[in-house]
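**Q** Submitted below is the structure of interest, expressed as structure tokens.
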Amino acid sequence: ITLLSQKLRGSLLLSEAVANLQITKNSINLKQLSDASKNYLDALALVEIETGEVIIDLSAQYNRRHALLSVESRLISDDISGKKELLLFDGVKLNSHLHYRIDASHKVTIIEDTQRLDINNLFVGIPIQALTVDAQLNAGQPIVHHFKARLLGGRLDLDDFKLIAPSQTILNLSGISLPEVIKYSAYPEIESKAIVDGMLPLKLTEAGIEINDGIIFARAPGGYIKVPENTVIKAMGRGNPAFSFTMQLLSNFQFDTMQGRIGYTDDGESDLDIEIKGISPTVSGTQPVNFNYSHKENILKLLQSLRFNEQLVRDIKERY
Amino acid sequence: IELPDAKELGLIGEQTNGLLGVVESSVEVETLVKEINLRRLAKYSQIAEKNGMTLDQVSLLAGEKTIKKTAAGQYIQNASGQWVVK
Amino acid sequence: CTPRVELAMPSEPITINLNVKIDHEIRVKVDKELDDLFDDESGLF
């Protein structure tokens with residue numbers, strides 16, 4: 001297939017009863033494939049593959065008399081790496097095994113359908129590691145049986161999520177480190193300590209993914225938040241006494257409980273309402289302090305600007 | 001003395017608040033820094049006015065930028081306020 | 001004398017509210033204005 005600068009070796013046996021196509025142990029160099037197919041598939045236009053090879057095994061029999069088609073394919077890739085715009089990925093391993101039988105009335109019998117994707121590192125603005133997807137193509141009704149990944153010092157996972165709308169599942173967050181989250185926020189200089197878990201009802205609609213009434217809570221024994229002197233928040237508060245008092249309380253806020261609600265819309269708008277109960281020893285001794293924090297931000301735009309900043313830093317490092 | 005040379009010679013550096021800081025003082029360096037900072041602050045407050053932000057906010061964003069743009073080998077102020085060579 | 005234990009009830013809790021809205025639009029626009037400031041404005045960077 002000179003078009004895609006790939007070579008495929010196979011055998012095609014034709015008899016009046018059966019047609020049989022066999023492509024065994026063919027390997028495709030993904031870098032060449034993606035470079036060559038860029039101008040045909042605009043979806044691939046922004047993808048740059050650095051390394052990666054896929055071994056293909058395909059066998060298809062078509063029984064003319066019963067109009068019965070049997071297709072079996074195995075795709076195994078080694079370590080694919082590359083980027084799509086500013087999204088970086090490496091250590092991508094694909095392991096796909098598919099065996100379908102399709103009869104004259106196009107009814108599909110699934111004999112084998114296991115799709116497994118592993119990604120060592122995926123950078124979307126924040127680094128995501130050890131991502132694993134176990135899924136089935138399921139004859140056009142794809143479903144993710146298990147998805148898990150490590151990020152922000154903790155883990156995220158979900159099960160049984162159909163990829164055709166409408167569908168829903170529960171996104172579980174566990175062991176997320178508050179300082180890691182704040183490191184990627186607009187106020188990275190804020191110091192903190194807490195481990196956060198969460199359960200986020202995820203809904204897939206025609207428009208995309210949304211979260212309604214997700215709950216997050218800090219693990220016992222809670223933690224602390226310390227807003228240092230020279231931050232932008234303090235700058236915003238100058239000349240507003242109530243605000244300055246809040247900042248004083250938050251300069252060393254020790255809390256034992258933190259719980260909140262999370263909303264997320266398909267265009268990326270996130271909405272967080274958190275109740276934190278603790279004390280601010282240096283300012284108000286052991287008097288209980290209830291801190292209600294609400295946060296609105298577009299997460300997709302945040303990740304985009306984080307990717308942009310990361311690229312800027314990389315450019316500068318390369319140039320100097 | 002010109003701004004780029006003063007930076008190259010390590011006499012001044014970029015601070016986190018978007019302003020220049022003196023690393024090795026001299027009358028000439030002090031006046032250069034004062035003059036540049038005045039012009040920068042005028043620009044920052046213009047931008048802050050236009051976008052409904054505070055001067056400090058714009059200065060901090062400017063600081064992020066100037067520090068990132070600073071060439072390796074020149075001085076920048078680190079998170080705890082000390083001069084370090086990038 | 002009999003020891004007297006006095007349980008001082010902690011006084012009323014202080015309630016503080018903080019609402020933060022991060023608008024990436026402004027940040028991107030300001031970012032661009034600052035880029036231009038340090039590029040074409042001679043002698044400011």
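Note on naming: chains are A, B, ... as they come in the structure tokens, residues start from 1 per chain, ligands start from 1 in the order shown.
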May I have the residues of chain B within 7 Å of chain C, counting only C-alpha atoms, written as a JSON list (two decimals) with N, CA, C and O atoms, in the first residue's frame?
**A**
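What follows is the written file selection.json:
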```json
[["chain", "number", "residue", "atom", "x", "y", "z"],
["B", 3, "LEU", "N", 19.70, 47.95, 29.31],
["B", 3, "LEU", "CA", 19.01, 46.89, 30.07],
["B", 3, "LEU", "C", 19.56, 45.49, 29.73],
["B", 3, "LEU", "O", 19.98, 44.76, 30.63],
["B", 36, "ILE", "N", 12.94, 51.86, 34.47],
["B", 36, "ILE", "CA", 12.23, 50.77, 33.77],
["B", 36, "ILE", "C", 11.00, 50.36, 34.57],
["B", 36, "ILE", "O", 9.89, 50.20, 34.03],
["B", 40, "ARG", "N", 7.14, 50.14, 33.49],
["B", 40, "ARG", "CA", 6.41, 48.84, 33.53],
["B", 40, "ARG", "C", 5.13, 49.01, 34.35],
["B", 40, "ARG", "O", 4.05, 48.58, 33.93],
["B", 51, "ASN", "N", -8.82, 45.31, 32.08],
["B", 51, "ASN", "CA", -9.38, 43.96, 32.27],
["B", 51, "ASN", "C", -10.03, 43.77, 33.63],
["B", 51, "ASN", "O", -10.30, 42.64, 34.04],
["B", 62, "ALA", "N", 2.72, 39.19, 35.02],
["B", 62, "ALA", "CA", 3.87, 39.69, 34.25],
["B", 62, "ALA", "C", 5.14, 39.03, 34.77],
["B", 62, "ALA", "O", 5.99, 38.59, 33.99]]
```
**Q** Specify as a compact mmCIF listing (two decimals) with C-alpha atoms, in the first residue's frame all residues of chain B found within 8 Å of chain A, counting only C-alpha atoms.
**A**
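Wrote result-v8.txt, looks like this:
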```
# COMPACT_ATOMS: atom_id res chain seq x y z
CA THR B 54 -5.79 44.62 40.33
CA ASP B 56 -0.88 43.21 41.84
CA GLN B 57 -2.63 40.53 39.80
CA LEU B 60 2.26 38.71 39.23
CA LYS B 68 10.01 32.36 32.02
CA LYS B 69 11.45 34.59 29.30
CA ALA B 71 17.67 33.59 29.45
CA ALA B 72 19.63 30.88 31.25
```
**Q** Pick out the chain C residues within 9 Å of chain A. Count only C-alpha atoms. Give them as a ChimeraX atom specification.
**A** /C:10-25,28
**Q** Could you pull the residues within 12 Å of Lys183 (chain A), counting only C-alpha atoms, minus those fewer than 4 positions along the same chain, as a PyMOL selection string?
**A** chain A and resi 125-126+152-153+177-179+187-193+306
**Q** Grab the residues selected above and save them as a PDB file, in the first residue's frame with N, CA, C and O atoms.
**A**
```pdb
ATOM      1  N   GLY A 125      -1.837  18.315  30.538  1.00  0.00           N
ATOM      2  CA  GLY A 125      -1.801  19.583  31.291  1.00  0.00           C
ATOM      3  C   GLY A 125      -1.367  19.219  32.693  1.00  0.00           C
ATOM      4  O   GLY A 125      -0.624  19.945  33.342  1.00  0.00           O
ATOM      5  N   ILE A 126      -1.866  18.081  33.125  1.00  0.00           N
ATOM      6  CA  ILE A 126      -1.331  17.462  34.338  1.00  0.00           C
ATOM      7  C   ILE A 126      -0.880  16.062  33.918  1.00  0.00           C
ATOM      8  O   ILE A 126      -1.422  15.496  32.957  1.00  0.00           O
ATOM      9  N   LEU A 152      -2.443  13.208  40.246  1.00  0.00           N
ATOM     10  CA  LEU A 152      -2.548  14.091  41.409  1.00  0.00           C
ATOM     11  C   LEU A 152      -2.305  13.335  42.710  1.00  0.00           C
ATOM     12  O   LEU A 152      -3.003  13.542  43.709  1.00  0.00           O
ATOM     13  N   GLY A 153      -1.357  12.395  42.677  1.00  0.00           N
ATOM     14  CA  GLY A 153      -0.985  11.688  43.898  1.00  0.00           C
ATOM     15  C   GLY A 153      -1.955  10.588  44.293  1.00  0.00           C
ATOM     16  O   GLY A 153      -1.750   9.887  45.293  1.00  0.00           O
ATOM     17  N   SER A 177      -4.062  13.982  46.431  1.00  0.00           N
ATOM     18  CA  SER A 177      -3.327  14.845  47.354  1.00  0.00           C
ATOM     19  C   SER A 177      -3.699  16.306  47.101  1.00  0.00           C
ATOM     20  O   SER A 177      -3.529  16.813  45.991  1.00  0.00           O
ATOM     21  N   LEU A 178      -4.216  16.970  48.134  1.00  0.00           N
ATOM     22  CA  LEU A 178      -4.630  18.379  47.984  1.00  0.00           C
ATOM     23  C   LEU A 178      -3.479  19.267  47.498  1.00  0.00           C
ATOM     24  O   LEU A 178      -3.664  20.055  46.566  1.00  0.00           O
ATOM     25  N   PRO A 179      -2.252  19.124  48.060  1.00  0.00           N
ATOM     26  CA  PRO A 179      -1.164  19.965  47.563  1.00  0.00           C
ATOM     27  C   PRO A 179      -0.890  19.750  46.072  1.00  0.00           C
ATOM     28  O   PRO A 179      -0.583  20.708  45.351  1.00  0.00           O
ATOM     29  N   TYR A 187      -3.369  29.289  42.089  1.00  0.00           N
ATOM     30  CA  TYR A 187      -2.620  29.812  43.260  1.00  0.00           C
ATOM     31  C   TYR A 187      -1.685  28.749  43.803  1.00  0.00           C
ATOM     32  O   TYR A 187      -1.835  28.284  44.920  1.00  0.00           O
ATOM     33  N   PRO A 188      -0.662  28.375  43.009  1.00  0.00           N
ATOM     34  CA  PRO A 188       0.215  27.268  43.423  1.00  0.00           C
ATOM     35  C   PRO A 188       1.017  27.561  44.681  1.00  0.00           C
ATOM     36  O   PRO A 188       1.529  26.642  45.304  1.00  0.00           O
ATOM     37  N   GLU A 189       1.089  28.838  45.064  1.00  0.00           N
ATOM     38  CA  GLU A 189       1.930  29.130  46.234  1.00  0.00           C
ATOM     39  C   GLU A 189       1.224  28.793  47.549  1.00  0.00           C
ATOM     40  O   GLU A 189       1.826  28.834  48.616  1.00  0.00           O
ATOM     41  N   ILE A 190      -0.070  28.414  47.496  1.00  0.00           N
ATOM     42  CA  ILE A 190      -0.796  28.058  48.728  1.00  0.00           C
ATOM     43  C   ILE A 190      -0.289  26.704  49.229  1.00  0.00           C
ATOM     44  O   ILE A 190      -0.195  25.744  48.464  1.00  0.00           O
ATOM     45  N   GLU A 191       0.075  26.636  50.495  1.00  0.00           N
ATOM     46  CA  GLU A 191       0.531  25.364  51.078  1.00  0.00           C
ATOM     47  C   GLU A 191      -0.670  24.628  51.643  1.00  0.00           C
ATOM     48  O   GLU A 191      -1.624  25.264  52.128  1.00  0.00           O
ATOM     49  N   SER A 192      -0.639  23.289  51.595  1.00  0.00           N
ATOM     50  CA  SER A 192      -1.793  22.555  52.146  1.00  0.00           C
ATOM     51  C   SER A 192      -1.378  21.125  52.455  1.00  0.00           C
ATOM     52  O   SER A 192      -0.302  20.687  52.042  1.00  0.00           O
ATOM     53  N   LYS A 193      -2.252  20.449  53.164  1.00  0.00           N
ATOM     54  CA  LYS A 193      -2.013  19.028  53.424  1.00  0.00           C
ATOM     55  C   LYS A 193      -3.387  18.403  53.617  1.00  0.00           C
ATOM     56  O   LYS A 193      -4.171  18.889  54.448  1.00  0.00           O
ATOM     57  N   LEU A 306      -2.437  24.990  31.028  1.00  0.00           N
ATOM     58  CA  LEU A 306      -1.312  24.263  31.652  1.00  0.00           C
ATOM     59  C   LEU A 306      -0.449  23.632  30.564  1.00  0.00           C
ATOM     60  O   LEU A 306       0.777  23.665  30.612  1.00  0.00           O
TER      61      LEU A 306
END
```
**Q** Find the residues around region 74-86 of chain B up to 6 Å (only C-alpha atoms counted), leave out those fewer than 5 positions away in its own chain, and share them as a ChimeraX atom specification.
**A** /B:13-15
**Q** Selected residues, C-alpha atoms, written as a PDB file, in the first residue's frame, please.
**A**
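Once written, part08.pdb looks like this:
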```
ATOM      1  CA  GLY B  13      17.369  40.372  37.550  1.00  0.00           C
ATOM      2  CA  GLU B  14      13.636  39.726  37.116  1.00  0.00           C
ATOM      3  CA  GLN B  15      11.468  39.567  40.265  1.00  0.00           C
TER       4      GLN B  15
END
```
**Q** So that I can see what lies close to Ile195 (chain A), please list as an mmCIF file with all heavy atoms, in the first residue's frame the residues with an atom at most 12 Å from it, counting only C-alpha atoms and leaving out residues fewer than 5 positions away in the same chain.
**A**
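File part21.cif, as written:
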```cif
data_model
loop_
_atom_site.group_PDB
_atom_site.id
_atom_site.type_symbol
_atom_site.label_atom_id
_atom_site.label_comp_id
_atom_site.auth_asym_id
_atom_site.auth_seq_id
_atom_site.Cartn_x
_atom_site.Cartn_y
_atom_site.Cartn_z
ATOM 1 N N LEU A 152 -2.443 13.208 40.246
ATOM 2 C CA LEU A 152 -2.548 14.091 41.409
ATOM 3 C C LEU A 152 -2.305 13.335 42.710
ATOM 4 O O LEU A 152 -3.003 13.542 43.709
ATOM 5 C CB LEU A 152 -3.936 14.759 41.418
ATOM 6 C CG LEU A 152 -4.243 15.627 40.206
ATOM 7 C CD1 LEU A 152 -5.691 16.107 40.237
ATOM 8 C CD2 LEU A 152 -3.287 16.815 40.111
ATOM 9 N N GLY A 153 -1.357 12.395 42.677
ATOM 10 C CA GLY A 153 -0.985 11.688 43.898
ATOM 11 C C GLY A 153 -1.955 10.588 44.293
ATOM 12 O O GLY A 153 -1.750 9.887 45.293
ATOM 13 N N GLY A 154 -3.032 10.446 43.519
ATOM 14 C CA GLY A 154 -4.012 9.425 43.899
ATOM 15 C C GLY A 154 -4.447 8.622 42.696
ATOM 16 O O GLY A 154 -3.725 8.539 41.702
ATOM 17 N N ARG A 155 -5.645 8.067 42.795
ATOM 18 C CA ARG A 155 -6.105 7.153 41.738
ATOM 19 C C ARG A 155 -7.534 7.485 41.324
ATOM 20 O O ARG A 155 -8.297 8.056 42.111
ATOM 21 C CB ARG A 155 -6.091 5.733 42.319
ATOM 22 C CG ARG A 155 -5.521 4.666 41.429
ATOM 23 C CD ARG A 155 -5.195 3.443 42.283
ATOM 24 N NE ARG A 155 -6.325 3.130 43.148
ATOM 25 C CZ ARG A 155 -7.358 2.377 42.771
ATOM 26 N NH1 ARG A 155 -7.378 1.922 41.555
ATOM 27 N NH2 ARG A 155 -8.352 2.129 43.590
ATOM 28 N N LEU A 173 -12.689 8.637 42.985
ATOM 29 C CA LEU A 173 -11.380 9.263 43.219
ATOM 30 C C LEU A 173 -10.880 8.727 44.549
ATOM 31 O O LEU A 173 -11.661 8.642 45.500
ATOM 32 C CB LEU A 173 -11.521 10.785 43.328
ATOM 33 C CG LEU A 173 -12.029 11.550 42.117
ATOM 34 C CD1 LEU A 173 -12.174 13.033 42.462
ATOM 35 C CD2 LEU A 173 -11.078 11.364 40.949
ATOM 36 N N SER A 174 -9.606 8.336 44.615
ATOM 37 C CA SER A 174 -9.140 7.921 45.944
ATOM 38 C C SER A 174 -7.705 8.384 46.156
ATOM 39 O O SER A 174 -6.872 8.290 45.237
ATOM 40 C CB SER A 174 -9.258 6.410 46.116
ATOM 41 O OG SER A 174 -8.282 5.788 45.347
ATOM 42 N N GLY A 175 -7.452 8.902 47.335
ATOM 43 C CA GLY A 175 -6.088 9.278 47.730
ATOM 44 C C GLY A 175 -5.540 10.482 46.987
ATOM 45 O O GLY A 175 -4.338 10.624 46.827
ATOM 46 N N ILE A 176 -6.416 11.376 46.518
ATOM 47 C CA ILE A 176 -5.937 12.550 45.780
ATOM 48 C C ILE A 176 -5.257 13.499 46.775
ATOM 49 O O ILE A 176 -5.791 13.754 47.859
ATOM 50 C CB ILE A 176 -7.102 13.272 45.083
ATOM 51 C CG1 ILE A 176 -7.792 12.338 44.090
ATOM 52 C CG2 ILE A 176 -6.602 14.549 44.406
ATOM 53 C CD1 ILE A 176 -6.974 11.941 42.892
ATOM 54 N N SER A 177 -4.062 13.982 46.431
ATOM 55 C CA SER A 177 -3.327 14.845 47.354
ATOM 56 C C SER A 177 -3.699 16.306 47.101
ATOM 57 O O SER A 177 -3.529 16.813 45.991
ATOM 58 C CB SER A 177 -1.826 14.633 47.110
ATOM 59 O OG SER A 177 -1.130 15.834 47.318
ATOM 60 N N LEU A 178 -4.216 16.970 48.134
ATOM 61 C CA LEU A 178 -4.630 18.379 47.984
ATOM 62 C C LEU A 178 -3.479 19.267 47.498
ATOM 63 O O LEU A 178 -3.664 20.055 46.566
ATOM 64 C CB LEU A 178 -5.203 18.890 49.311
ATOM 65 C CG LEU A 178 -5.737 20.326 49.303
ATOM 66 C CD1 LEU A 178 -6.849 20.495 48.253
ATOM 67 C CD2 LEU A 178 -6.248 20.721 50.689
ATOM 68 N N PRO A 179 -2.252 19.124 48.060
ATOM 69 C CA PRO A 179 -1.164 19.965 47.563
ATOM 70 C C PRO A 179 -0.890 19.750 46.072
ATOM 71 O O PRO A 179 -0.583 20.708 45.351
ATOM 72 C CB PRO A 179 0.047 19.525 48.393
ATOM 73 C CG PRO A 179 -0.434 18.585 49.418
ATOM 74 C CD PRO A 179 -1.866 18.308 49.202
ATOM 75 N N GLU A 180 -1.054 18.528 45.591
ATOM 76 C CA GLU A 180 -0.846 18.270 44.154
ATOM 77 C C GLU A 180 -1.893 19.034 43.339
ATOM 78 O O GLU A 180 -1.591 19.623 42.318
ATOM 79 C CB GLU A 180 -0.993 16.763 43.865
ATOM 80 C CG GLU A 180 0.305 15.995 43.964
ATOM 81 C CD GLU A 180 1.371 16.498 42.994
ATOM 82 O OE1 GLU A 180 1.157 16.471 41.771
ATOM 83 O OE2 GLU A 180 2.413 16.967 43.479
ATOM 84 N N VAL A 181 -3.151 19.014 43.810
ATOM 85 C CA VAL A 181 -4.208 19.724 43.077
ATOM 86 C C VAL A 181 -3.884 21.221 43.045
ATOM 87 O O VAL A 181 -3.913 21.867 41.999
ATOM 88 C CB VAL A 181 -5.587 19.484 43.752
ATOM 89 C CG1 VAL A 181 -6.656 20.355 43.109
ATOM 90 C CG2 VAL A 181 -5.954 18.011 43.681
ATOM 91 N N ILE A 216 -17.008 15.053 47.347
ATOM 92 C CA ILE A 216 -15.608 14.836 47.700
ATOM 93 C C ILE A 216 -15.464 15.078 49.192
ATOM 94 O O ILE A 216 -16.226 15.861 49.763
ATOM 95 C CB ILE A 216 -14.658 15.788 46.929
ATOM 96 C CG1 ILE A 216 -15.071 17.244 47.116
ATOM 97 C CG2 ILE A 216 -14.591 15.428 45.468
ATOM 98 C CD1 ILE A 216 -14.020 18.214 46.673
ATOM 99 N N PHE A 217 -14.530 14.410 49.813
ATOM 100 C CA PHE A 217 -14.353 14.601 51.255
ATOM 101 C C PHE A 217 -12.906 14.274 51.616
ATOM 102 O O PHE A 217 -12.272 13.427 50.978
ATOM 103 C CB PHE A 217 -15.326 13.718 52.045
ATOM 104 C CG PHE A 217 -15.495 12.358 51.464
ATOM 105 C CD1 PHE A 217 -14.647 11.327 51.852
ATOM 106 C CD2 PHE A 217 -16.462 12.108 50.498
ATOM 107 C CE1 PHE A 217 -14.771 10.062 51.279
ATOM 108 C CE2 PHE A 217 -16.587 10.848 49.925
ATOM 109 C CZ PHE A 217 -15.735 9.821 50.319
ATOM 110 N N ALA A 218 -12.399 14.988 52.613
ATOM 111 C CA ALA A 218 -11.019 14.750 53.050
ATOM 112 C C ALA A 218 -11.019 13.595 54.041
ATOM 113 O O ALA A 218 -11.954 13.436 54.830
ATOM 114 C CB ALA A 218 -10.464 16.006 53.718
ATOM 115 N N ARG A 219 -9.968 12.786 53.948
ATOM 116 C CA ARG A 219 -9.845 11.667 54.901
ATOM 117 C C ARG A 219 -9.461 12.203 56.262
ATOM 118 O O ARG A 219 -8.785 13.237 56.381
ATOM 119 C CB ARG A 219 -8.717 10.720 54.441
ATOM 120 C CG ARG A 219 -9.115 9.813 53.315
ATOM 121 C CD ARG A 219 -7.988 8.829 52.997
ATOM 122 N NE ARG A 219 -8.240 8.242 51.673
ATOM 123 C CZ ARG A 219 -7.343 7.519 51.020
ATOM 124 N NH1 ARG A 219 -6.137 7.316 51.546
ATOM 125 N NH2 ARG A 219 -7.620 7.005 49.842
ATOM 126 N N ALA A 220 -9.897 11.493 57.323
ATOM 127 C CA ALA A 220 -9.426 11.831 58.670
ATOM 128 C C ALA A 220 -7.902 11.697 58.666
ATOM 129 O O ALA A 220 -7.366 10.875 57.910
ATOM 130 C CB ALA A 220 -10.026 10.858 59.686
ATOM 131 N N PRO A 221 -7.157 12.448 59.425
ATOM 132 C CA PRO A 221 -7.578 13.471 60.393
ATOM 133 C C PRO A 221 -7.733 14.861 59.793
ATOM 134 O O PRO A 221 -7.633 15.847 60.514
ATOM 135 C CB PRO A 221 -6.428 13.433 61.407
ATOM 136 C CG PRO A 221 -5.223 13.190 60.539
ATOM 137 C CD PRO A 221 -5.689 12.306 59.415
ATOM 138 N N GLY A 222 -7.962 14.994 58.448
ATOM 139 C CA GLY A 222 -8.124 16.344 57.878
ATOM 140 C C GLY A 222 -6.778 16.883 57.433
ATOM 141 O O GLY A 222 -5.976 16.136 56.867
ATOM 142 N N GLY A 223 -6.497 18.150 57.681
ATOM 143 C CA GLY A 223 -5.204 18.694 57.227
ATOM 144 C C GLY A 223 -5.143 20.183 57.475
ATOM 145 O O GLY A 223 -5.748 20.675 58.441
ATOM 146 N N TYR A 224 -4.393 20.909 56.595
ATOM 147 C CA TYR A 224 -4.325 22.368 56.789
ATOM 148 C C TYR A 224 -4.239 23.078 55.459
ATOM 149 O O TYR A 224 -3.975 22.470 54.424
ATOM 150 C CB TYR A 224 -3.128 22.753 57.673
ATOM 151 C CG TYR A 224 -1.778 22.366 57.107
ATOM 152 C CD1 TYR A 224 -1.200 23.086 56.059
ATOM 153 C CD2 TYR A 224 -1.085 21.253 57.600
ATOM 154 C CE1 TYR A 224 0.032 22.724 55.533
ATOM 155 C CE2 TYR A 224 0.143 20.885 57.075
ATOM 156 C CZ TYR A 224 0.699 21.625 56.047
ATOM 157 O OH TYR A 224 1.902 21.239 55.521
ATOM 158 N N ASP A 256 -10.375 19.648 60.411
ATOM 159 C CA ASP A 256 -10.520 18.205 60.622
ATOM 160 C C ASP A 256 -11.538 17.632 59.639
ATOM 161 O O ASP A 256 -11.459 16.498 59.237
ATOM 162 C CB ASP A 256 -10.905 17.859 62.071
ATOM 163 C CG ASP A 256 -11.815 18.916 62.668
ATOM 164 O OD1 ASP A 256 -12.753 19.299 61.934
ATOM 165 O OD2 ASP A 256 -11.570 19.355 63.797
ATOM 166 N N THR A 257 -12.508 18.450 59.182
ATOM 167 C CA THR A 257 -13.397 17.874 58.151
ATOM 168 C C THR A 257 -13.484 18.810 56.942
ATOM 169 O O THR A 257 -13.466 20.039 57.094
ATOM 170 C CB THR A 257 -14.833 17.679 58.675
ATOM 171 O OG1 THR A 257 -15.364 18.973 58.927
ATOM 172 C CG2 THR A 257 -14.878 16.829 59.915
ATOM 173 N N MET A 258 -13.515 18.188 55.769
ATOM 174 C CA MET A 258 -13.721 18.942 54.529
ATOM 175 C C MET A 258 -14.616 18.081 53.662
ATOM 176 O O MET A 258 -14.340 16.907 53.445
ATOM 177 C CB MET A 258 -12.389 19.165 53.799
ATOM 178 C CG MET A 258 -12.574 19.703 52.392
ATOM 179 S SD MET A 258 -11.219 19.263 51.310
ATOM 180 C CE MET A 258 -10.035 20.474 51.589
ATOM 181 N N GLN A 259 -15.753 18.644 53.227
ATOM 182 C CA GLN A 259 -16.587 17.879 52.280
ATOM 183 C C GLN A 259 -17.215 18.847 51.308
ATOM 184 O O GLN A 259 -17.393 20.024 51.619
ATOM 185 C CB GLN A 259 -17.651 17.100 53.031
ATOM 186 C CG GLN A 259 -18.558 17.985 53.859
ATOM 187 C CD GLN A 259 -19.385 17.151 54.804
ATOM 188 O OE1 GLN A 259 -18.938 16.089 55.227
ATOM 189 N NE2 GLN A 259 -20.580 17.624 55.095
#
```
**Q** Could you jot down the CA of Ser37 (chain A) to CA of Glu50 (chain A) separation for me, Å, one decimal place?
**A**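 Atom-to-atom, CA of Ser37 (chain A) and CA of Glu50 (chain A) are spaced 14.7 Å apart.
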**Q** For Val27 (chain B), work out the shell of residues within 12 Å, counting only C-alpha atoms and skipping chain neighbours fewer than 6 positions away, then give it as a PyMOL selection string.
**A** chain B and resi 1+11+33-34
**Q** Excluding same-chain residues fewer than 3 positions from Val58 (chain B), what lies within 8 Å of it counting only C-alpha atoms, as a ChimeraX atom specification?
**A** /B:44-45,47-48,53-55,61-62 /C:30
